[in-house]
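**Student:** Pasting a structure here, questions to come.
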Amino acid sequence: MDGGAQQSSLREPPGPGSAEQEERDGGEGPPELKRSQPLFIHGSSRQPLEEEPRASSLPSIPNPFPELCSPSNSPILSSPALGQGPPREGALHVVKVFGEDGACRSLEAAAGTTARQLCETLVRRTRALQDHSWALVELHQHLGLERCLEDHELVLEVQSSWPPGADARFVFRKNFAKYELFKSPAQSLFPEVMVSSCLEANKSMAHSELIQPSSPPQNFLNSGSCPEVQGFLQLREPGRKVWKRFYFSLRRSGLYYSTKGTSKDPRHLQYFADLSESNIYYVTQGKKHYGTPTEFGFCIKPYKVRSGVKGLKLLCSEDEQSRSCWMAAFRLFKYGMQLYRNYQQAQARLSQPHWIGPTPLRSVSDNALVAMDFSGCTGRVIENPSEVLSVALEEAQAWRKKTTHRYSLPAACHSSPLSAAIHRTQPWFHGRISREDTQQLIGRQGLVDGVFLVRESQRNPKGFVLSLCHLQRVKHYLILPSEEEGRLYFTMDDGQTRFADLIQLVEFHQINRGILPCKLRHYCTCVAL
């Protein structure tokens, strides 16, 4: 026993029912295990450890990899990336996150790391502007599917659901549409024709009261007065490339379709999908992958479907507004009040000061703008709406008459490289990007009113294009340079409103709508990981 006591530092830590504990109690236990000896993994039909006498005769050679001797501590056997089960508590696992440019960054995450926490880490490391529009996107490239993870979802649980060798990844990018359902008017997201009540008592409720009261959207989140979303969708038949049109109804209990026109009779309703056991994905390049009738496809993927097309429930809507309505209702029905709590927590984080790290630049799209009057000794906030309108008109007229450079450059420097290229330092400028790539980029970052970017024109070598999203459609406005009295200006309305540079043009339309259908609210940006 003395020799055993001297070598106690090489043993595995004793636990309940261990050999050392049995010897102390006077019982006969198995031979002592040295740390230098590999732990033998017994099967159900193997003999017990007491009948393995060879282990005690091995020399005491230090084991350089003791953590590989126990399968419970082995990162190879328990890695969630291999799809072998849920991640272990307390252990750190590697998560690879890709940027929109294809660059990858590896991060260590614990089992309880949420998507919001991972996004905040990436925001700090990339020194990006902190706001709640950053998102972690689950992308299945070979299937053409993607979805935005909710802030409360556990990253490692999602990663562990991928099969070994799956062509799936996380992408870090903006998603301005993530919480738009709590900020935009109800009628813009949930058309009246697509929303009805499940209860007879609620049939007399107005449409605005039914889907969005003054408090959070509690009618969608309250099981007692939950409305339903209804409308026609194209459905792809399982195992075939044929699409058929059915009338669908989305309720808290699940998604149904009618086998007889628009009838909601229980005899004609066919159960289609369970909300609690599925995730909903956008379908990208649907015509190429699945032969969708339109480009507005989406997919319901049950948890049990790990890989392949088999088991996917493919649907297609007539337009983007219809698809957005179905997607938003699916999220509300599945996550309930948790979704609104995520939004409240995101808003609360924005109001807290960031004491650590560099102070981010102020962004017009992230701060409330008010009309100010600086004609006196001190500035004052203009609260009268008519006075605000009058000041806006006067300011617009002043911009038209302005003929000096923003930075007071001398006349001899009117063509200096600084004035001509200063916009290239701005995050909203994307250089020589094509029209098709622009529409895809804005679509990925959210078809929300006011999302924009500025790019070089492909047709006019000296011009630029302002691409703006309005009513879920991307519109393009040509910006042309003009010269007057030896000075260079930029205009979008044939010289009626002129700007010294593109920065001046963008800042003006962030405050004033001008000739645009809406103000510039959010700029598309891509960060390098």
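Just remember, in the structure tokens the first chain shown is A, the second B, etc., residues are 1-based per chain, and ligands are 1-based in the order shown.
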Residues near Tyr290 of chain A, anyone? I mean within 10 Å using only C-alpha atoms, not counting same-chain ones fewer than 4 positions away, as a PyMOL selection string.

**Tutor:** chain A and resi 143-144+236+240-243+283-286+297+309+314

**Student:** Include all heavy atoms and write out the residues we just selected as a compact mmCIF listing (two decimals), in the first residue's frame.

**Tutor:**
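Contents of result.txt, as written:
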```txt
# COMPACT_ATOMS: atom_id res chain seq x y z
N LEU A 143 -28.24 22.60 -51.21
CA LEU A 143 -29.71 22.57 -51.25
C LEU A 143 -30.31 23.91 -51.64
O LEU A 143 -31.51 23.98 -51.93
CB LEU A 143 -30.26 22.15 -49.88
CG LEU A 143 -29.91 20.74 -49.39
CD1 LEU A 143 -30.45 20.51 -47.99
CD2 LEU A 143 -30.46 19.69 -50.35
N GLY A 144 -29.51 24.97 -51.65
CA GLY A 144 -30.04 26.29 -51.95
C GLY A 144 -30.98 26.81 -50.88
O GLY A 144 -31.99 27.46 -51.19
N ARG A 236 -44.76 21.52 -54.32
CA ARG A 236 -44.08 20.50 -55.14
C ARG A 236 -44.41 19.12 -54.58
O ARG A 236 -44.21 18.84 -53.40
CB ARG A 236 -42.57 20.71 -55.12
CG ARG A 236 -41.82 19.71 -55.99
CD ARG A 236 -40.33 19.92 -55.94
NE ARG A 236 -39.63 18.93 -56.74
CZ ARG A 236 -38.30 18.87 -56.85
NH1 ARG A 236 -37.55 19.73 -56.20
NH2 ARG A 236 -37.73 17.94 -57.58
N ARG A 240 -41.39 14.23 -57.20
CA ARG A 240 -41.66 14.64 -58.57
C ARG A 240 -41.30 16.13 -58.73
O ARG A 240 -41.12 16.85 -57.75
CB ARG A 240 -43.14 14.43 -58.91
CG ARG A 240 -43.61 12.99 -58.75
CD ARG A 240 -45.09 12.88 -59.07
NE ARG A 240 -45.37 13.28 -60.45
CZ ARG A 240 -46.61 13.38 -60.95
NH1 ARG A 240 -47.66 13.12 -60.17
NH2 ARG A 240 -46.80 13.74 -62.21
N LYS A 241 -41.19 16.56 -59.97
CA LYS A 241 -40.91 17.95 -60.27
C LYS A 241 -42.16 18.71 -60.68
O LYS A 241 -42.07 19.73 -61.36
CB LYS A 241 -39.85 18.04 -61.36
CG LYS A 241 -38.49 17.48 -60.95
CD LYS A 241 -37.45 17.69 -62.03
CE LYS A 241 -36.09 17.17 -61.58
NZ LYS A 241 -35.05 17.35 -62.63
N VAL A 242 -43.30 18.21 -60.28
CA VAL A 242 -44.59 18.82 -60.62
C VAL A 242 -45.03 19.71 -59.47
O VAL A 242 -44.99 19.30 -58.30
CB VAL A 242 -45.64 17.73 -60.91
CG1 VAL A 242 -46.98 18.37 -61.24
CG2 VAL A 242 -45.17 16.83 -62.05
N TRP A 243 -45.48 20.91 -59.81
CA TRP A 243 -45.97 21.86 -58.81
C TRP A 243 -47.48 22.02 -58.99
O TRP A 243 -47.97 22.17 -60.11
CB TRP A 243 -45.29 23.23 -58.97
CG TRP A 243 -43.84 23.20 -58.61
CD1 TRP A 243 -42.81 22.75 -59.38
CD2 TRP A 243 -43.26 23.65 -57.38
NE1 TRP A 243 -41.62 22.88 -58.72
CE2 TRP A 243 -41.85 23.44 -57.49
CE3 TRP A 243 -43.77 24.20 -56.20
CZ2 TRP A 243 -40.98 23.76 -56.46
CZ3 TRP A 243 -42.90 24.53 -55.19
CH2 TRP A 243 -41.53 24.31 -55.32
N VAL A 283 -35.57 29.78 -50.11
CA VAL A 283 -35.00 29.01 -51.22
C VAL A 283 -34.29 29.98 -52.15
O VAL A 283 -34.92 30.89 -52.70
CB VAL A 283 -36.09 28.22 -51.97
CG1 VAL A 283 -35.49 27.52 -53.19
CG2 VAL A 283 -36.73 27.19 -51.05
N THR A 284 -32.99 29.82 -52.31
CA THR A 284 -32.21 30.65 -53.23
C THR A 284 -32.00 29.89 -54.54
O THR A 284 -31.75 28.68 -54.52
CB THR A 284 -30.85 31.01 -52.61
OG1 THR A 284 -30.12 29.80 -52.33
CG2 THR A 284 -31.04 31.76 -51.29
N GLN A 285 -32.12 30.59 -55.62
CA GLN A 285 -31.99 29.99 -56.96
C GLN A 285 -32.94 28.79 -57.09
O GLN A 285 -32.55 27.69 -57.46
CB GLN A 285 -30.55 29.56 -57.23
CG GLN A 285 -29.57 30.72 -57.21
CD GLN A 285 -28.14 30.29 -57.48
OE1 GLN A 285 -27.83 29.09 -57.45
NE2 GLN A 285 -27.28 31.24 -57.76
N GLY A 286 -34.21 29.05 -56.76
CA GLY A 286 -35.21 27.97 -56.75
C GLY A 286 -35.45 27.37 -58.13
O GLY A 286 -35.68 26.16 -58.25
N GLY A 297 -39.61 31.23 -53.52
CA GLY A 297 -39.81 29.94 -52.89
C GLY A 297 -39.31 29.92 -51.45
O GLY A 297 -38.45 30.70 -51.04
N VAL A 309 -32.58 15.98 -50.43
CA VAL A 309 -33.82 16.66 -50.78
C VAL A 309 -35.04 15.92 -50.26
O VAL A 309 -36.09 16.51 -50.01
CB VAL A 309 -33.90 16.83 -52.32
CG1 VAL A 309 -35.17 17.56 -52.73
CG2 VAL A 309 -32.68 17.59 -52.83
N LEU A 314 -41.36 21.74 -50.06
CA LEU A 314 -41.06 22.91 -50.89
C LEU A 314 -42.34 23.63 -51.27
O LEU A 314 -43.30 23.01 -51.74
CB LEU A 314 -40.30 22.48 -52.13
CG LEU A 314 -38.91 21.87 -51.87
CD1 LEU A 314 -38.38 21.19 -53.11
CD2 LEU A 314 -37.94 22.94 -51.40
```

**Student:** Can you measure atom CA of Asn384 of chain A to atom CA of Arg513 of chain A for me? One decimal in Å is fine.

**Tutor:**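 Spanning atom CA of Asn384 of chain A to atom CA of Arg513 of chain A is a straight-line distance of 19.1 Å.
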
**Student:** Tell me, as a ChimeraX atom specification, which residues lie within 7 Å of segment 315-319 of chain A, counting only C-alpha atoms; anything in the same chain fewer than 4 positions away does not count.

**Tutor:** /A:233-236,292,294,296-299,323

**Student:** Could you pull out the strand (DSSP E or B) residues of segment 287-316 of chain A from DSSP and send them as a ChimeraX atom specification?

**Tutor:** /A:297-302,313-316

**Student:** Identify which of the residues A:Ser133, A:Gln159, A:Gln496, A:Ser278 lies closest to Ala111 of chain A, counting only C-alpha atoms when measuring atom-to-atom distances.

**Tutor:**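 Nearest to Ala111 of chain A: A:Gln159.
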
**Student:** Taking a cut-off of 10 Å and counting only C-alpha atoms, can you build a table that, for each residue of segment 146-171 of chain A near segment 178-184 of chain A, reports the nearest atom pair and how far apart they are in Å (one decimal), sorted by chain then residue number, as JSON lines?

**Tutor:**
```
{"residue": "A:Cys148", "atom": "CA", "partner": "A:Lys178", "partner_atom": "CA", "distance": 7.8}
{"residue": "A:Leu149", "atom": "CA", "partner": "A:Lys178", "partner_atom": "CA", "distance": 9.5}
{"residue": "A:Glu150", "atom": "CA", "partner": "A:Lys178", "partner_atom": "CA", "distance": 8.5}
{"residue": "A:Asp151", "atom": "CA", "partner": "A:Lys178", "partner_atom": "CA", "distance": 9.9}
```

**Student:** Just C-alpha atoms for this one: save the residues we selected as a PDB file, in the first residue's frame.

**Tutor:**
```pdb
ATOM      1  CA  CYS A 148     -31.456  33.563 -40.117  1.00  0.00           C
ATOM      2  CA  LEU A 149     -30.881  32.109 -36.648  1.00  0.00           C
ATOM      3  CA  GLU A 150     -32.955  33.684 -33.909  1.00  0.00           C
ATOM      4  CA  ASP A 151     -30.995  35.469 -31.205  1.00  0.00           C
TER       5      ASP A 151
END
```

**Student:** So which one's closest to Ser276 of chain A, A:Lys260, A:Glu237, A:Arg331, A:Lys96? Using only C-alpha atoms, please.

**Tutor:** A:Arg331

**Student:** I'd like the contact shell of Val451 of chain A - 9 Å cut-off, only C-alpha atoms, skipping same-chain residues fewer than 4 positions apart - returned as number ranges by chain.

**Tutor:** A: 176, 442, 445-447, 467-470, 474, 520-524

**Student:** Calculated over only C-alpha atoms, which of the candidates A:Thr525, A:Asn460, A:Thr491, A:Gln472 has the smallest distance to Leu505 of chain A?

**Tutor:**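 The answer is A:Thr491, which sits nearest to Leu505 of chain A.
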
**Student:** List the spatial neighbours of Met327 of chain A as a CSV table (one decimal) with N, CA, C and O atoms, in the first residue's frame - criterion: any atom at most 9 Å away, only C-alpha atoms, same-chain residues fewer than 5 positions off excluded.

**Tutor:**
```csv
chain,number,residue,atom,x,y,z
A,280,ILE,N,-38.0,26.9,-41.1
A,280,ILE,CA,-38.4,27.4,-42.4
A,280,ILE,C,-37.2,28.2,-43.0
A,280,ILE,O,-36.5,28.9,-42.3
A,281,TYR,N,-37.0,27.9,-44.3
A,281,TYR,CA,-35.8,28.4,-45.0
A,281,TYR,C,-36.2,29.2,-46.2
A,281,TYR,O,-37.2,28.8,-46.9
A,282,TYR,N,-35.5,30.2,-46.6
A,282,TYR,CA,-35.6,30.8,-47.9
A,282,TYR,C,-35.0,29.9,-48.9
A,282,TYR,O,-33.9,29.2,-48.7
A,298,PHE,N,-39.9,29.0,-50.7
A,298,PHE,CA,-39.4,28.8,-49.3
A,298,PHE,C,-39.6,27.3,-49.0
A,298,PHE,O,-40.3,26.6,-49.7
A,322,SER,N,-46.1,38.1,-50.3
A,322,SER,CA,-46.8,36.9,-49.8
A,322,SER,C,-45.8,36.0,-49.1
A,322,SER,O,-46.0,35.5,-48.0
A,332,LEU,N,-43.5,33.8,-35.8
A,332,LEU,CA,-44.3,34.2,-34.6
A,332,LEU,C,-45.0,33.0,-34.0
A,332,LEU,O,-45.1,32.9,-32.8
```

**Student:** Skipping near chain neighbours, those fewer than 5 positions away, what residues fall within 10 Å of Ile479 of chain A using only C-alpha atoms, listed as a PDB file with C-alpha atoms, in the first residue's frame?

**Tutor:**
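Okay, this is what ended up in selection_27.pdb:
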```pdb
ATOM      1  CA  VAL A 454     -24.094  53.324 -54.181  1.00  0.00           C
ATOM      2  CA  ARG A 455     -22.109  51.756 -57.017  1.00  0.00           C
ATOM      3  CA  GLU A 456     -20.407  52.694 -60.246  1.00  0.00           C
ATOM      4  CA  SER A 457     -22.537  52.727 -63.365  1.00  0.00           C
ATOM      5  CA  ASN A 460     -22.017  55.406 -68.052  1.00  0.00           C
ATOM      6  CA  LYS A 462     -18.487  58.654 -65.358  1.00  0.00           C
ATOM      7  CA  GLY A 463     -21.773  58.080 -63.573  1.00  0.00           C
ATOM      8  CA  PHE A 464     -22.923  56.282 -60.430  1.00  0.00           C
ATOM      9  CA  VAL A 465     -26.083  54.443 -59.427  1.00  0.00           C
ATOM     10  CA  LEU A 466     -28.054  54.685 -56.181  1.00  0.00           C
ATOM     11  CA  PHE A 490     -23.523  65.385 -58.967  1.00  0.00           C
ATOM     12  CA  THR A 491     -27.242  65.282 -59.630  1.00  0.00           C
ATOM     13  CA  MET A 492     -30.129  62.819 -59.984  1.00  0.00           C
ATOM     14  CA  ASP A 493     -32.730  65.254 -61.346  1.00  0.00           C
ATOM     15  CA  ASP A 494     -31.071  66.894 -64.364  1.00  0.00           C
ATOM     16  CA  LEU A 502     -21.588  61.657 -53.230  1.00  0.00           C
ATOM     17  CA  LEU A 505     -25.884  63.490 -51.774  1.00  0.00           C
TER      18      LEU A 505
END
```
